$ cat start-v5.txt   # compact mmCIF, C-alpha atoms
# COMPACT_ATOMS: atom_id res chain seq x y z
CA MET Q 1382 0.00 0.00 0.00
CA MET Q 1383 1.42 3.37 -0.97
CA ARG Q 1384 1.89 5.68 1.95
CA ASN Q 1385 1.06 9.33 1.51
CA SER Q 1386 4.33 11.16 2.08
CA GLU Q 1387 2.50 14.00 3.83
CA ASN Q 1388 0.93 11.83 6.54
CA PRO Q 1389 3.98 11.57 8.78
CA LEU Q 1390 4.34 15.35 8.69
CA ALA Q 1391 0.65 15.94 9.45
CA THR Q 1392 0.92 13.47 12.33
CA ARG Q 1393 3.96 15.22 13.76
CA ILE Q 1394 2.31 18.62 13.48
CA ARG Q 1395 -0.75 17.24 15.27
CA VAL Q 1396 1.47 15.75 18.02
CA GLY Q 1397 3.14 19.15 18.29
CA TRP Q 1398 -0.23 20.81 18.89
CA TRP Q 1399 -1.09 18.23 21.57
CA LEU Q 1400 2.24 18.71 23.32
CA ALA Q 1401 1.91 22.48 23.21
CA GLY Q 1402 -1.66 22.33 24.48
CA ILE Q 1403 -0.90 19.93 27.33
CA GLY Q 1404 2.20 21.95 28.18
CA LEU Q 1405 0.25 25.19 28.39
CA LEU Q 1406 -2.42 23.54 30.54
CA LEU Q 1407 0.21 22.16 32.91
CA PHE Q 1408 1.94 25.50 33.09
CA ALA Q 1409 -1.32 27.30 33.82
CA GLY Q 1410 -2.28 24.66 36.35
CA GLY Q 1411 1.05 24.98 38.13
CA LEU Q 1412 0.73 28.73 38.20
CA ALA Q 1413 -2.82 28.56 39.54
CA LEU Q 1414 -1.74 26.05 42.19
CA SER Q 1415 0.96 28.40 43.42
CA PHE Q 1416 -1.70 31.05 44.09
CA VAL Q 1417 -4.40 28.76 45.42
CA GLN Q 1418 -2.13 26.55 47.55
CA PRO Q 1419 1.05 28.48 48.39
CA ASP Q 1420 2.25 25.64 50.62
CA MET Q 1421 2.43 23.33 47.60
CA GLU Q 1422 5.19 25.33 46.00
CA ARG Q 1423 7.24 22.31 44.96
CA ALA Q 1424 4.36 20.67 43.12
CA SER Q 1425 3.38 23.89 41.36
CA ARG Q 1426 6.95 24.54 40.24
CA PHE Q 1427 7.26 20.98 39.01
CA ALA Q 1428 4.03 21.23 37.02
CA SER Q 1429 4.93 24.63 35.56
CA GLY Q 1430 8.42 23.44 34.62
CA ILE Q 1431 7.17 20.34 32.85
CA GLY Q 1432 4.47 22.44 31.19
CA ILE Q 1433 6.95 24.94 29.81
CA ALA Q 1434 9.19 22.18 28.50
CA LEU Q 1435 6.31 20.42 26.76
CA ALA Q 1436 4.97 23.66 25.31
CA ILE Q 1437 8.38 24.56 23.88
CA VAL Q 1438 8.89 21.10 22.40
CA GLY Q 1439 5.41 21.24 20.88
CA ALA Q 1440 5.89 24.71 19.44
CA VAL Q 1441 9.25 23.80 17.90
CA GLN Q 1442 7.71 20.70 16.35
CA ILE Q 1443 4.81 22.68 14.86
CA VAL Q 1444 7.05 25.35 13.35
CA GLN Q 1445 9.65 22.90 12.09
CA TYR Q 1446 7.29 20.46 10.41
CA ARG Q 1447 5.15 23.20 8.93
CA MET Q 1448 8.30 24.48 7.23
CA PHE Q 1449 9.15 20.97 6.03
CA SER Q 1450 5.66 20.39 4.64
CA LYS Q 1451 6.13 23.30 2.23
CA ASP Q 1452 9.13 21.53 0.66
CA SER Q 1453 8.03 18.27 -0.97
CA ALA Q 1454 11.58 16.87 -1.21
CA THR Q 1455 12.08 17.30 2.53
CA ALA Q 1456 8.63 15.93 3.23
CA ARG Q 1457 9.47 12.85 1.18
CA ARG Q 1458 12.81 12.43 2.94
CA ILE Q 1459 11.20 12.61 6.36
CA ALA Q 1460 8.53 10.11 5.35
CA LEU Q 1461 11.27 7.79 4.07
CA ALA Q 1462 13.26 8.10 7.27
CA GLU Q 1463 10.23 6.71 9.12
CA THR Q 1464 9.53 3.83 6.78
CA ASP Q 1465 12.90 2.93 5.25
CA GLU Q 1466 13.45 -0.68 6.33
CA ARG Q 1467 17.17 -0.34 6.99
CA ALA Q 1468 16.62 2.80 9.10
CA VAL Q 1469 13.86 1.04 11.05
CA GLN Q 1470 16.12 -1.95 11.74
CA ILE Q 1471 18.95 0.30 12.88
CA ARG Q 1472 16.60 2.17 15.23
CA LEU Q 1473 15.18 -1.06 16.63
CA ARG Q 1474 18.63 -2.48 17.30
CA ALA Q 1475 19.73 0.77 18.94
CA GLY Q 1476 16.56 0.80 21.04
CA MET Q 1477 17.25 -2.73 22.27
CA ARG Q 1478 20.79 -1.86 23.27
CA GLY Q 1479 19.61 1.27 25.10
CA PHE Q 1480 16.96 -0.81 26.84
CA TYR Q 1481 19.54 -3.37 28.05
CA VAL Q 1482 21.73 -0.59 29.45
CA ALA Q 1483 18.74 0.98 31.20
CA MET Q 1484 17.72 -2.38 32.69
CA VAL Q 1485 21.23 -3.02 34.02
CA LEU Q 1486 21.38 0.41 35.65
CA ILE Q 1487 17.91 0.19 37.20
CA PHE Q 1488 18.43 -3.41 38.33
CA GLY Q 1489 21.69 -2.34 39.95
CA ALA Q 1490 19.85 0.39 41.85
CA LEU Q 1491 17.18 -2.06 42.90
CA MET Q 1492 19.78 -4.51 44.21
CA TRP Q 1493 21.60 -1.74 46.06
CA VAL Q 1494 18.42 -0.46 47.72
CA SER Q 1495 17.44 -4.04 48.63
CA ALA Q 1496 20.83 -4.64 50.20
CA GLU Q 1497 20.73 -1.36 52.14
CA SER Q 1498 17.16 -1.84 53.29
CA GLY Q 1499 16.94 -2.13 57.07
CA SER Q 1500 20.59 -1.19 57.54
CA GLY Q 1501 19.63 2.30 58.73
CA ALA Q 1502 21.74 3.95 56.04
CA THR Q 1503 20.40 7.29 54.78
CA LEU Q 1504 20.00 7.95 51.10
CA ASN Q 1505 22.38 10.53 49.69
CA VAL Q 1506 20.08 12.70 47.58
CA ASP Q 1507 22.91 14.11 45.48
CA ALA Q 1508 24.21 10.66 44.65
CA LEU Q 1509 20.68 9.56 43.82
CA TRP Q 1510 20.24 12.53 41.46
CA TYR Q 1511 23.46 11.68 39.63
CA TYR Q 1512 22.54 8.02 39.40
CA LEU Q 1513 19.06 8.81 38.04
CA SER Q 1514 20.63 11.18 35.53
CA ALA Q 1515 22.90 8.36 34.42
CA CYS Q 1516 19.84 6.12 34.04
CA VAL Q 1517 18.48 8.64 31.53
CA VAL Q 1518 21.64 9.81 29.80
CA LEU Q 1519 23.53 6.53 29.36
CA PRO Q 1520 20.75 4.60 27.57
CA LEU Q 1521 20.13 7.64 25.36
CA LEU Q 1522 23.82 7.83 24.57
CA VAL Q 1523 23.92 4.13 23.74
CA PHE Q 1524 20.81 4.57 21.55
CA ALA Q 1525 22.37 7.48 19.63
CA LEU Q 1526 25.86 5.98 19.27
CA SER Q 1527 24.45 2.62 18.25
CA GLN Q 1528 22.57 4.25 15.38
CA VAL Q 1529 25.69 6.07 14.24
CA TYR Q 1530 27.73 2.87 14.38
CA ASP Q 1531 25.15 0.73 12.57
CA ALA Q 1532 24.53 3.40 9.94
CA ARG Q 1533 28.21 3.19 9.01
CA ASN Q 1534 28.55 -0.59 9.15
CA PHE Q 1535 25.25 -1.89 7.76
CA MET Y 1383 24.74 -12.04 -0.04
CA ASN Y 1384 26.09 -10.66 -3.31
CA ASN Y 1385 24.03 -8.79 -5.83
CA VAL Y 1386 24.22 -7.22 -9.26
CA ILE Y 1387 22.23 -4.12 -8.42
CA GLU Y 1388 25.07 -1.72 -9.10
CA ALA Y 1389 25.78 -3.25 -12.51
CA LEU Y 1390 22.11 -3.15 -13.52
CA ARG Y 1391 21.78 0.39 -12.24
CA ARG Y 1392 24.79 1.60 -14.24
CA GLU Y 1393 23.48 -0.13 -17.38
CA ARG Y 1394 20.40 2.03 -17.15
CA GLY Y 1395 22.33 5.20 -16.30
CA TRP Y 1396 20.56 5.59 -12.98
CA THR Y 1397 21.98 7.05 -9.81
CA GLN Y 1398 21.55 5.44 -6.43
CA GLN Y 1399 19.01 8.14 -5.59
CA ASP Y 1400 17.03 7.26 -8.74
CA VAL Y 1401 16.80 3.63 -7.64
CA ALA Y 1402 16.00 4.65 -4.07
CA ASP Y 1403 13.16 6.90 -5.22
CA ARG Y 1404 11.70 4.18 -7.45
CA VAL Y 1405 11.69 1.50 -4.73
CA LYS Y 1406 10.80 3.94 -1.92
CA VAL Y 1407 13.85 3.55 0.28
CA SER Y 1408 16.69 5.86 1.22
CA ARG Y 1409 19.82 6.27 -0.86
CA GLN Y 1410 21.85 4.91 2.09
CA THR Y 1411 19.91 1.66 1.85
CA ILE Y 1412 20.76 1.28 -1.83
CA LEU Y 1413 24.40 2.09 -1.04
CA SER Y 1414 24.51 -0.55 1.70
CA LEU Y 1415 22.78 -3.06 -0.58
CA GLU Y 1416 25.31 -2.55 -3.36
CA ASN Y 1417 28.20 -2.88 -0.91
CA GLY Y 1418 26.78 -6.14 0.39
CA ARG Y 1419 26.52 -4.77 3.93
CA TYR Y 1420 22.74 -5.03 4.06
CA ASN Y 1421 20.35 -7.80 3.03
CA PRO Y 1422 16.96 -6.57 1.82
CA SER Y 1423 13.59 -7.73 3.04
CA ILE Y 1424 11.62 -9.93 0.68
CA LEU Y 1425 9.37 -6.97 -0.16
CA LEU Y 1426 12.29 -4.80 -1.17
CA ALA Y 1427 13.83 -7.68 -3.11
CA PHE Y 1428 10.58 -8.05 -5.08
CA ARG Y 1429 10.44 -4.30 -5.75
CA LEU Y 1430 14.00 -4.33 -7.04
CA SER Y 1431 13.24 -7.38 -9.15
CA ARG Y 1432 10.25 -5.61 -10.71
CA LEU Y 1433 12.24 -2.41 -11.21
CA PHE Y 1434 15.11 -4.09 -13.06
CA GLN Y 1435 12.83 -6.72 -14.61
CA VAL Y 1436 15.04 -9.62 -13.62
CA PRO Y 1437 14.17 -12.54 -11.33
CA ILE Y 1438 15.21 -12.24 -7.70
CA GLU Y 1439 17.56 -15.20 -8.11
CA GLN Y 1440 19.49 -13.27 -10.75
CA LEU Y 1441 19.58 -10.14 -8.62
CA PHE Y 1442 20.92 -11.77 -5.45
CA HIS Y 1443 23.41 -14.58 -4.95
CA ASP Y 1444 23.84 -16.34 -1.67
CA ASP Y 1445 27.39 -17.62 -1.31
CA GLY Y 1446 26.24 -19.94 1.43
CA ASP Y 1447 27.64 -20.25 4.95
CA GLU Y 1448 30.75 -22.24 5.74
CA ASP Y 1449 28.55 -24.48 7.87
CA ASP Y 1450 26.51 -25.54 4.86
CA ALA Y 1451 27.72 -28.88 3.57
$ encode --input "start-v5.txt" --output "structure tokens"
Amino acid sequence: MMRNSENPLATRIRVGWWLAGIGLLLFAGGLALSFVQPDMERASRFASGIGIALAIVGAVQIVQYRMFSKDSATARRIALAETDERAVQIRLRAGMRGFYVAMVLIFGALMWVSAESGSGATLNVDALWYYLSACVVLPLLVFALSQVYDARNF
Amino acid sequence: MNNVIEALRRERGWTQQDVADRVKVSRQTILSLENGRYNPSILLAFRLSRLFQVPIEQLFHDDGDEDDA
């Protein structure tokens, strides 16, 4: 079945609108919460922060893919990037590798917490922050580098 | 797996991008195919066969594994 090359772009623009809308709602909700419940400052800041991030990501996506949709060659290239079988295989392989790294990191944390449980040791919040950051960054890094490597070798 | 895609493409005076556009894949995929680094799916193999109007068996040659015997 032939796939309309504009569909992926229309989908991404629609996703952009959803992200922007949800982001704005979260931001507004966080702001409202800070006025209505001043003692819930942490929650309101968290909601507003996430909302701003989502709104920005959504807005960038809308602007970017609207520009792309005006250029049919770019639109076709983007559609191909989604459906090209070799690109899909490379992404899947990279995703698996990133998943394995994430599982090892999270399992390690689980084992550590299980071992420390009941020992009375206090959790170092800074160390926890760095470890959680690694749980996000390392799998992403593996995902990205794996795609670069496979794109060159396959 | 070896293939004769590059030879057939050059016979027709097509670029890799021309072939990629006609079979709806990226130019990198055609490049990897011609270099023998990537084996196509059966769907892509059929599309290439129809494009060049040669049977799949003439397009692709499997040298066979060393374990085959």
$ atom_distance --input "start-v5.txt" --atom1 "atom CA of Q:Gly1430" --atom2 "atom CA of Q:Phe1408"
7.0 Å
$ interface_residues --input "start-v5.txt" --of "chain Q" --to "chain Y" --cutoff "8 Å" --atoms "only C-alpha atoms" --output "list in words"
Arg1458, Leu1461, Ala1462, Thr1464, Asp1465, Glu1466, Arg1467, Asn1534 and Phe1535 of chain Q
$ residues_around --input "start-v5.txt" --residues "stretch 1399-1401 of chain Q" --least-positions-apart "6" --cutoff "8 Å" --atoms "all atoms listed in the file" --output "ChimeraX atom specification"
/Q:1435-1440
$ atom_distance --input "start-v5.txt" --atom1 "atom CA of Y:Ser1431" --atom2 "atom CA of Q:Ala1532"
24.7 Å
$ closest_residue --input "start-v5.txt" --among "Y:Glu1416, Y:Met1383, Y:Val1401, Y:Asp1445" --to "Y:Arg1432" --atoms "all atoms listed in the file"
Y:Val1401
$ residues_near_point --input "start-v5.txt" --point "(20.5, -1.1, 12.8)" --cutoff "9 Å" --atoms "all atoms listed in the file" --output "list in words"
Arg1467, Ala1468, Val1469, Gln1470, Ile1471, Arg1472, Leu1473, Arg1474, Ala1475, Ser1527, Gln1528, Val1529, Tyr1530, Asp1531, Ala1532, Asn1534 and Phe1535 of chain Q
$ atom_distance --input "start-v5.txt" --atom1 "atom CA of Q:Trp1510" --atom2 "atom CA of Q:Ala1525"
22.5 Å
$ residues_around --input "start-v5.txt" --residues "stretch 1426-1428 of chain Q" --least-positions-apart "2" --cutoff "9 Å" --atoms "all atoms listed in the file" --output "short mmCIF file (atom, residue, chain, number, x, y, z; two decimals) with C-alpha atoms, in the frame of the given file"
data_model
loop_
_atom_site.label_atom_id
_atom_site.label_comp_id
_atom_site.auth_asym_id
_atom_site.auth_seq_id
_atom_site.Cartn_x
_atom_site.Cartn_y
_atom_site.Cartn_z
CA LEU Q 1407 0.21 22.16 32.91
CA PHE Q 1408 1.94 25.50 33.09
CA ALA Q 1409 -1.32 27.30 33.82
CA GLY Q 1410 -2.28 24.66 36.35
CA GLY Q 1411 1.05 24.98 38.13
CA LEU Q 1412 0.73 28.73 38.20
CA SER Q 1415 0.96 28.40 43.42
CA MET Q 1421 2.43 23.33 47.60
CA GLU Q 1422 5.19 25.33 46.00
CA ARG Q 1423 7.24 22.31 44.96
CA ALA Q 1424 4.36 20.67 43.12
CA GLY Q 1430 8.42 23.44 34.62
CA ILE Q 1431 7.17 20.34 32.85
CA GLY Q 1432 4.47 22.44 31.19
CA ILE Q 1433 6.95 24.94 29.81
#
$ residues_near_point --input "start-v5.txt" --point "(13.7, -7.5, -11.3)" --cutoff "12 Å" --atoms "only C-alpha atoms" --output "compact mmCIF listing (two decimals) with C-alpha atoms, in the frame of the given file"
# COMPACT_ATOMS: atom_id res chain seq x y z
CA ASN Y 1385 24.03 -8.79 -5.83
CA VAL Y 1386 24.22 -7.22 -9.26
CA ILE Y 1387 22.23 -4.12 -8.42
CA LEU Y 1390 22.11 -3.15 -13.52
CA ARG Y 1391 21.78 0.39 -12.24
CA VAL Y 1405 11.69 1.50 -4.73
CA LEU Y 1425 9.37 -6.97 -0.16
CA LEU Y 1426 12.29 -4.80 -1.17
CA ALA Y 1427 13.83 -7.68 -3.11
CA PHE Y 1428 10.58 -8.05 -5.08
CA ARG Y 1429 10.44 -4.30 -5.75
CA LEU Y 1430 14.00 -4.33 -7.04
CA SER Y 1431 13.24 -7.38 -9.15
CA ARG Y 1432 10.25 -5.61 -10.71
CA LEU Y 1433 12.24 -2.41 -11.21
CA PHE Y 1434 15.11 -4.09 -13.06
CA GLN Y 1435 12.83 -6.72 -14.61
CA VAL Y 1436 15.04 -9.62 -13.62
CA PRO Y 1437 14.17 -12.54 -11.33
CA ILE Y 1438 15.21 -12.24 -7.70
CA GLU Y 1439 17.56 -15.20 -8.11
CA GLN Y 1440 19.49 -13.27 -10.75
CA LEU Y 1441 19.58 -10.14 -8.62
CA PHE Y 1442 20.92 -11.77 -5.45
$ residues_around --input "start-v5.txt" --residues "Q:Lys1451" --least-positions-apart "5" --cutoff "12 Å" --atoms "only C-alpha atoms" --output "list of chain:residue names"
Q:Glu1387, Q:Leu1390, Q:Ala1391, Q:Val1444, Q:Gln1445, Q:Tyr1446, Q:Ala1456, Q:Arg1457
